[in-house]
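A.B. asks: Following this line is entry-v2.csv, made up of CSV, C-alpha atoms:
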```
chain,number,residue,atom,x,y,z
Y,29,LEU,CA,10.0,-25.2,166.9
Y,30,GLY,CA,10.5,-27.8,169.6
Y,31,ASP,CA,13.0,-26.0,171.8
Y,32,TRP,CA,11.1,-22.7,171.4
Y,33,PHE,CA,7.8,-24.2,172.3
Y,34,ILE,CA,9.2,-25.9,175.4
Y,35,TYR,CA,10.8,-22.6,176.5
Y,36,GLN,CA,7.7,-20.6,176.0
Y,37,THR,CA,5.6,-23.1,177.9
Y,38,GLU,CA,8.1,-23.1,180.7
Y,39,CYS,CA,8.0,-19.3,180.9
Y,40,LEU,CA,4.2,-19.4,181.3
Y,41,HIS,CA,4.4,-22.2,183.9
Y,42,SER,CA,7.1,-20.4,185.8
Y,43,GLN,CA,4.8,-17.4,186.4
Y,44,VAL,CA,2.3,-19.7,188.2
Y,45,TYR,CA,4.9,-21.2,190.5
Y,46,ARG,CA,5.5,-24.5,188.8
Y,47,TYR,CA,9.3,-24.4,189.3
Y,48,GLN,CA,8.9,-23.6,193.0
Y,49,HIS,CA,8.0,-27.2,193.5
Y,50,PRO,CA,11.0,-29.4,194.5
Y,51,THR,CA,10.5,-31.9,191.7
Y,52,GLU,CA,10.1,-29.5,188.9
Y,53,PHE,CA,13.1,-28.4,186.8
Y,54,ALA,CA,13.0,-26.4,183.6
Y,55,PHE,CA,14.7,-27.6,180.4
Y,56,PHE,CA,15.6,-24.0,179.4
Y,57,GLY,CA,16.0,-20.6,180.8
Y,58,PRO,CA,16.2,-17.9,182.1
Y,59,LEU,CA,12.6,-18.0,183.3
Y,60,PRO,CA,10.4,-15.1,184.6
Y,61,ASP,CA,9.7,-15.0,188.3
Y,62,PRO,CA,6.3,-16.2,189.6
Y,63,SER,CA,3.9,-13.3,189.3
Y,64,LEU,CA,0.4,-14.6,188.5
Y,65,GLY,CA,-2.0,-15.1,191.3
Y,66,ILE,CA,-1.3,-14.9,195.1
Y,67,ARG,CA,0.5,-17.8,196.6
Y,68,ASP,CA,-1.2,-19.0,199.8
Y,69,ASN,CA,1.7,-19.6,202.2
Y,70,ARG,CA,-0.6,-21.7,204.4
Y,71,GLN,CA,-0.4,-24.4,201.7
Y,72,CYS,CA,3.4,-24.5,201.7
Y,73,HIS,CA,4.7,-27.9,202.8
Y,74,GLU,CA,7.4,-28.7,205.2
Y,75,GLN,CA,10.9,-28.5,203.7
Y,76,ILE,CA,11.8,-32.1,203.0
Y,77,LEU,CA,14.6,-32.1,200.4
Y,78,ALA,CA,18.0,-30.7,200.7
Y,79,PRO,CA,19.0,-28.3,197.8
Y,80,VAL,CA,19.3,-30.3,194.6
Y,81,PRO,CA,22.8,-30.1,193.1
Y,82,ARG,CA,23.2,-29.2,189.4
Y,83,SER,CA,24.7,-32.6,188.8
Y,84,ALA,CA,21.4,-34.2,189.7
Y,85,VAL,CA,19.4,-32.4,187.0
Y,86,VAL,CA,19.2,-34.6,183.9
Y,87,ASN,CA,16.9,-32.7,181.6
Y,88,SER,CA,19.4,-32.4,178.8
Y,89,ARG,CA,19.9,-36.2,178.8
Y,90,LEU,CA,16.2,-36.8,178.9
Y,91,LEU,CA,15.6,-34.5,176.0
Y,92,ASP,CA,18.3,-36.2,173.9
Y,93,ILE,CA,16.9,-39.7,174.8
Y,94,TYR,CA,13.3,-38.6,173.9
Y,95,ARG,CA,14.3,-37.2,170.5
Y,96,SER,CA,16.9,-39.8,169.5
Y,97,GLN,CA,15.5,-43.0,171.0
Y,98,ILE,CA,11.8,-42.7,172.0
Y,99,VAL,CA,10.2,-40.6,169.2
Y,100,PRO,CA,11.8,-42.7,166.3
Y,101,ALA,CA,10.6,-45.9,168.0
Y,102,ILE,CA,6.9,-44.9,168.5
Y,103,CYS,CA,6.3,-42.6,165.4
Y,104,GLU,CA,6.0,-43.5,161.8
Y,105,ASP,CA,8.4,-41.9,159.2
Y,106,GLY,CA,7.0,-39.0,157.4
Y,107,ASP,CA,5.6,-35.5,157.9
Y,108,ASP,CA,1.9,-35.1,158.8
Y,109,GLY,CA,2.2,-31.3,159.1
Y,110,ASN,CA,0.7,-31.2,162.6
Y,111,TYR,CA,3.6,-29.2,164.1
Y,112,GLY,CA,1.7,-27.3,166.7
Y,113,SER,CA,-0.3,-30.2,168.2
Y,114,THR,CA,2.9,-32.3,168.1
Y,115,ALA,CA,4.8,-29.7,170.0
Y,116,VAL,CA,2.1,-29.6,172.6
Y,117,GLN,CA,2.3,-33.3,173.1
Y,118,ASP,CA,6.1,-33.3,173.2
Y,119,VAL,CA,6.0,-30.8,176.1
Y,120,HIS,CA,3.5,-32.8,177.9
Y,121,CYS,CA,5.4,-36.0,177.5
Y,122,LEU,CA,8.8,-34.5,178.5
Y,123,GLN,CA,7.4,-32.7,181.6
Y,124,THR,CA,5.6,-35.8,182.7
Y,125,MET,CA,8.7,-38.0,182.4
Y,126,ALA,CA,10.9,-35.4,184.1
Y,127,THR,CA,8.5,-35.1,187.1
Y,128,ARG,CA,8.4,-38.9,187.4
Y,129,ILE,CA,12.2,-38.9,187.4
Y,130,TYR,CA,12.6,-36.2,190.0
Y,131,TYR,CA,10.2,-37.8,192.4
Y,132,GLY,CA,13.2,-40.1,193.0
Y,133,LEU,CA,14.6,-37.3,195.1
Y,134,PHE,CA,12.1,-38.1,197.8
Y,135,VAL,CA,13.1,-41.8,197.6
Y,136,ALA,CA,16.7,-40.8,198.0
Y,137,GLU,CA,15.9,-38.5,201.0
Y,138,SER,CA,13.8,-41.3,202.6
Y,139,LYS,CA,16.6,-43.8,202.1
Y,140,PHE,CA,19.1,-41.4,203.7
Y,141,ARG,CA,16.9,-40.8,206.7
Y,142,THR,CA,16.0,-44.5,207.3
Y,143,GLU,CA,19.6,-45.8,206.7
Y,144,ARG,CA,21.6,-42.8,207.8
Y,145,GLU,CA,24.6,-44.6,209.1
Y,146,LYS,CA,25.1,-46.8,206.0
Y,147,ALA,CA,24.3,-44.0,203.6
Y,148,THR,CA,26.7,-41.6,205.4
Y,149,ALA,CA,29.6,-44.0,205.1
Y,150,LEU,CA,28.9,-44.5,201.4
Y,151,ILE,CA,28.7,-40.8,200.8
Y,152,LYS,CA,31.9,-40.1,202.7
Y,153,ALA,CA,33.6,-42.7,200.6
Y,154,LYS,CA,32.2,-41.3,197.4
Y,155,ASP,CA,31.0,-44.8,196.7
Y,156,ARG,CA,28.7,-44.4,193.7
Y,157,ALA,CA,28.3,-48.1,193.2
Y,158,GLY,CA,27.4,-48.6,196.8
Y,159,LEU,CA,24.9,-45.8,196.7
Y,160,MET,CA,23.4,-47.3,193.6
Y,161,ALA,CA,23.0,-50.6,195.3
Y,162,LEU,CA,21.5,-48.9,198.3
Y,163,ILE,CA,18.6,-47.3,196.3
Y,164,THR,CA,18.0,-50.1,193.8
Y,165,LYS,CA,15.3,-52.7,194.4
Y,166,PRO,CA,15.2,-55.0,191.3
Y,167,ASP,CA,12.0,-56.8,192.4
Y,168,VAL,CA,10.1,-53.5,192.9
Y,169,GLU,CA,11.4,-52.2,189.6
Y,170,ALA,CA,10.3,-55.4,187.8
Y,171,ARG,CA,6.8,-55.1,189.2
Y,172,ASN,CA,6.5,-51.5,188.2
Y,173,ILE,CA,7.6,-52.2,184.7
Y,174,GLN,CA,5.0,-54.9,184.4
Y,175,ARG,CA,2.3,-52.4,185.7
Y,176,VAL,CA,3.4,-49.9,183.1
Y,177,ILE,CA,3.0,-52.6,180.3
Y,178,TRP,CA,-0.5,-53.5,181.5
Y,179,LYS,CA,-1.5,-49.8,181.7
Y,180,ALA,CA,-0.1,-49.2,178.2
Y,181,LYS,CA,-2.2,-52.2,177.0
Y,182,ALA,CA,-5.3,-50.8,178.7
Y,183,PHE,CA,-5.1,-47.3,177.4
Y,184,SER,CA,-3.6,-47.8,173.9
Y,185,GLN,CA,-5.8,-50.7,172.8
Y,186,ASP,CA,-7.8,-50.2,169.6
Y,187,ILE,CA,-11.5,-50.5,170.3
Y,188,SER,CA,-14.0,-52.2,167.9
Y,189,VAL,CA,-17.8,-52.2,168.2
Y,190,ASP,CA,-20.4,-54.1,166.4
Y,191,SER,CA,-23.4,-52.7,164.5
Y,192,GLN,CA,-25.3,-52.5,167.8
Y,193,GLY,CA,-22.6,-50.4,169.4
Y,194,ASN,CA,-21.4,-53.3,171.7
Y,195,LEU,CA,-17.7,-53.8,172.4
Y,196,VAL,CA,-16.1,-56.5,170.4
Y,197,HIS,CA,-13.6,-58.5,172.3
Y,198,SER,CA,-10.5,-59.8,170.4
Y,199,ASP,CA,-8.1,-62.6,171.2
Y,200,SER,CA,-5.4,-60.6,169.4
Y,201,PRO,CA,-5.9,-56.9,170.2
Y,202,SER,CA,-4.0,-54.2,168.4
Y,203,TYR,CA,-2.5,-51.1,170.1
Y,204,LYS,CA,-1.7,-47.5,169.2
Y,205,VAL,CA,1.8,-48.0,170.6
Y,206,ASN,CA,3.7,-51.2,171.5
Y,207,PRO,CA,3.0,-51.7,175.2
Y,208,GLU,CA,6.2,-53.8,175.6
Y,209,TYR,CA,8.2,-50.8,174.3
Y,210,ILE,CA,6.7,-48.5,176.8
Y,211,GLY,CA,7.9,-50.9,179.5
Y,212,ARG,CA,11.3,-50.7,177.9
Y,213,VAL,CA,11.2,-46.9,178.1
Y,214,PHE,CA,10.8,-47.2,181.9
Y,215,ARG,CA,13.4,-50.0,182.2
Y,216,ASP,CA,16.1,-48.6,179.9
Y,217,PHE,CA,15.7,-44.8,180.2
Y,218,LEU,CA,13.5,-43.5,183.0
Y,219,MET,CA,14.6,-45.8,185.8
Y,220,PRO,CA,18.3,-45.4,185.1
Y,221,LEU,CA,17.9,-41.6,185.0
Y,222,THR,CA,16.0,-41.7,188.2
Y,223,ARG,CA,18.8,-43.7,189.9
Y,224,ASP,CA,21.4,-41.3,188.6
Y,225,VAL,CA,19.4,-38.4,190.1
Y,226,GLU,CA,19.2,-40.1,193.4
Y,227,VAL,CA,22.9,-41.0,193.6
Y,228,GLU,CA,24.0,-37.4,192.7
Y,229,TYR,CA,21.6,-36.0,195.3
Y,230,LEU,CA,22.9,-38.3,198.0
Y,231,LEU,CA,26.6,-37.5,197.2
Y,232,GLU,CA,25.9,-33.9,198.2
Y,233,ARG,CA,23.5,-34.7,201.1
Y,234,LEU,CA,26.1,-34.4,203.8
Y,235,ASN,CA,26.9,-30.8,202.8
Y,236,VAL,CA,23.5,-29.7,204.2
Y,237,PRO,CA,22.8,-29.6,208.0
Y,238,ASP,CA,19.9,-31.5,209.4
Y,239,ASP,CA,17.8,-28.4,209.8
Y,240,LEU,CA,17.4,-27.8,206.1
Y,241,PRO,CA,17.6,-24.2,204.9
Y,242,PRO,CA,15.1,-22.6,202.6
Y,243,ARG,CA,15.1,-24.1,199.1
Y,244,SER,CA,17.3,-22.3,196.7
Y,245,ARG,CA,18.4,-23.1,193.2
Y,246,SER,CA,18.7,-21.4,189.9
Y,247,ARG,CA,15.6,-20.7,187.8
Y,248,SER,CA,16.7,-23.0,185.1
Y,249,PRO,CA,19.4,-25.7,185.4
Y,250,ASN,CA,20.5,-25.3,181.8
Y,251,GLY,CA,20.6,-21.6,182.0
Y,252,VAL,CA,20.3,-20.9,178.3
Y,253,LYS,CA,17.5,-20.1,175.9
Y,254,PRO,CA,16.7,-22.5,173.1
```
I need this file expressed as structure tokens, please.

C.D. replies:
Amino acid sequence: LGDWFIYQTECLHSQVYRYQHPTEFAFFGPLPDPSLGIRDNRQCHEQILAPVPRSAVVNSRLLDIYRSQIVPAICEDGDDGNYGSTAVQDVHCLQTMATRIYYGLFVAESKFRTEREKATALIKAKDRAGLMALITKPDVEARNIQRVIWKAKAFSQDISVDSQGNLVHSDSPSYKVNPEYIGRVFRDFLMPLTRDVEVEYLLERLNVPDDLPPRSRSRSPNGVKP
């Protein structure tokens, strides 16, 4: 059900131009061409990114991490029978995480443009470690992880009210999910995948002239139906 539901959702989203956006990549394919509605070309943005190489698409890794690492950690054992609603939430979570990861493409392009000479030397040398160091800011990542933990605490906290309907404050609140684990999801999974995407993108960046061509890539990086 999982793969089928993801694919069917992506087929629908493809028809309304989702995968024409530079940070959206499907998990499965082939996908139908956009056909619903009329696209307003006046709303098209300037071409910012170079074509994204296939090596920078990490959907299969994300899907494996989600199923083998994240779901077992946040879900109780057992079967509640809610397959449909679970599949809907799985798709939402996966697409949200994927979009967050691929926004790193803009970070990589910005770093290339602001430190072109240094980035060019690293790319020509195929220096993956050097490129990783170029894009990594540990202090910024640490602050972002802490923000994620605070947000998880704010949005997953169990709420109690008294008989008058007033909020009851607790010195030891409980949560729907462990906020610290959500922080670890970012630290151990999403941020490393984002850095890998950025490095793979940069390694191919010199193959594209400064006047970027129209965006072109396959409808689905995986190229197979579920």

A.B. asks: CA of Pro220 in chain Y and CA of Pro50 in chain Y, how far apart in Å?

C.D. replies: 19.9 Å

A.B. asks: Name all residues at most 12 Å from range 53-59 of chain Y (count all atoms listed in the file; drop same-chain ones fewer than 3 positions away) and give them as a ChimeraX atom specification.

C.D. replies: /Y:30-50,62-63,80-82,84-92,119,122-131,245-254

A.B. asks: Find the residues near Glu232 in chain Y: any atom within 12 Å, counting only C-alpha atoms, skip ones fewer than 3 places away on the same chain, and give them as an MDAnalysis selection string.

C.D. replies: chainID Y and resid 77:84 136:137 140 147:148 150:154 156 225:229 235:237

A.B. asks: Restrict the selected residues to C-alpha atoms and save them as a PDB file, in the frame of the given file.

C.D. replies:
```
ATOM      1  CA  LEU Y  77      14.600 -32.100 200.400  1.00  0.00           C
ATOM      2  CA  ALA Y  78      18.000 -30.700 200.700  1.00  0.00           C
ATOM      3  CA  PRO Y  79      19.000 -28.300 197.800  1.00  0.00           C
ATOM      4  CA  VAL Y  80      19.300 -30.300 194.600  1.00  0.00           C
ATOM      5  CA  PRO Y  81      22.800 -30.100 193.100  1.00  0.00           C
ATOM      6  CA  ARG Y  82      23.200 -29.200 189.400  1.00  0.00           C
ATOM      7  CA  SER Y  83      24.700 -32.600 188.800  1.00  0.00           C
ATOM      8  CA  ALA Y  84      21.400 -34.200 189.700  1.00  0.00           C
ATOM      9  CA  ALA Y 136      16.700 -40.800 198.000  1.00  0.00           C
ATOM     10  CA  GLU Y 137      15.900 -38.500 201.000  1.00  0.00           C
ATOM     11  CA  PHE Y 140      19.100 -41.400 203.700  1.00  0.00           C
ATOM     12  CA  ALA Y 147      24.300 -44.000 203.600  1.00  0.00           C
ATOM     13  CA  THR Y 148      26.700 -41.600 205.400  1.00  0.00           C
ATOM     14  CA  LEU Y 150      28.900 -44.500 201.400  1.00  0.00           C
ATOM     15  CA  ILE Y 151      28.700 -40.800 200.800  1.00  0.00           C
ATOM     16  CA  LYS Y 152      31.900 -40.100 202.700  1.00  0.00           C
ATOM     17  CA  ALA Y 153      33.600 -42.700 200.600  1.00  0.00           C
ATOM     18  CA  LYS Y 154      32.200 -41.300 197.400  1.00  0.00           C
ATOM     19  CA  ARG Y 156      28.700 -44.400 193.700  1.00  0.00           C
ATOM     20  CA  VAL Y 225      19.400 -38.400 190.100  1.00  0.00           C
ATOM     21  CA  GLU Y 226      19.200 -40.100 193.400  1.00  0.00           C
ATOM     22  CA  VAL Y 227      22.900 -41.000 193.600  1.00  0.00           C
ATOM     23  CA  GLU Y 228      24.000 -37.400 192.700  1.00  0.00           C
ATOM     24  CA  TYR Y 229      21.600 -36.000 195.300  1.00  0.00           C
ATOM     25  CA  ASN Y 235      26.900 -30.800 202.800  1.00  0.00           C
ATOM     26  CA  VAL Y 236      23.500 -29.700 204.200  1.00  0.00           C
ATOM     27  CA  PRO Y 237      22.800 -29.600 208.000  1.00  0.00           C
TER      28      PRO Y 237
END
```

A.B. asks: Could you please determine the separation between CA of Gln192 in chain Y and CA of Lys204 in chain Y in Å, to one decimal place?

C.D. replies: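 We find that CA of Gln192 in chain Y and CA of Lys204 in chain Y lie 24.2 Å from each other.
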
A.B. asks: Go through Y:Leu195, Y:Leu133, Y:Ile187, Y:Ala170 one by one, measure the shortest atom-to-atom distance of each to Gly211 in chain Y using only C-alpha atoms, and give the residue with the smallest value.

C.D. replies: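 Using only C-alpha atoms, the shortest distance to Gly211 in chain Y belongs to Y:Ala170.
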
A.B. asks: Nearest to Val99 in chain Y among Y:Asn194, Y:Arg215, Y:Tyr203, Y:Cys121, with distances taken over only C-alpha atoms: which residue is it?

C.D. replies: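 Result for the nearest residue to Val99 in chain Y: Y:Cys121.
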
A.B. asks: Could you jot down the CA of Val196 in chain Y to CA of Lys179 in chain Y separation for me, Å, one decimal place?

C.D. replies: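 We find that CA of Val196 in chain Y and CA of Lys179 in chain Y lie 19.6 Å from each other.
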
A.B. asks: Residues near Ile102 in chain Y, anyone? I mean within 12 Å using all atoms listed in the file, not counting same-chain ones fewer than 5 positions away, as a PDB file with C-alpha atoms, in the coordinates of the input.

C.D. replies:
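Saved result, around-v3.pdb, follows:
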```pdb
ATOM      1  CA  TYR Y  94      13.300 -38.600 173.900  1.00  0.00           C
ATOM      2  CA  ARG Y  95      14.300 -37.200 170.500  1.00  0.00           C
ATOM      3  CA  SER Y  96      16.900 -39.800 169.500  1.00  0.00           C
ATOM      4  CA  GLN Y  97      15.500 -43.000 171.000  1.00  0.00           C
ATOM      5  CA  TYR Y 203      -2.500 -51.100 170.100  1.00  0.00           C
ATOM      6  CA  LYS Y 204      -1.700 -47.500 169.200  1.00  0.00           C
ATOM      7  CA  VAL Y 205       1.800 -48.000 170.600  1.00  0.00           C
ATOM      8  CA  ASN Y 206       3.700 -51.200 171.500  1.00  0.00           C
ATOM      9  CA  PRO Y 207       3.000 -51.700 175.200  1.00  0.00           C
ATOM     10  CA  GLU Y 208       6.200 -53.800 175.600  1.00  0.00           C
ATOM     11  CA  TYR Y 209       8.200 -50.800 174.300  1.00  0.00           C
ATOM     12  CA  ILE Y 210       6.700 -48.500 176.800  1.00  0.00           C
ATOM     13  CA  ARG Y 212      11.300 -50.700 177.900  1.00  0.00           C
ATOM     14  CA  VAL Y 213      11.200 -46.900 178.100  1.00  0.00           C
TER      15      VAL Y 213
END
```

A.B. asks: Compile the contact shell of Gly112 in chain Y as a count of residues only: residues with an atom at most 9 Å away, counting all atoms listed in the file, same-chain residues fewer than 3 positions apart removed.

C.D. replies: 6
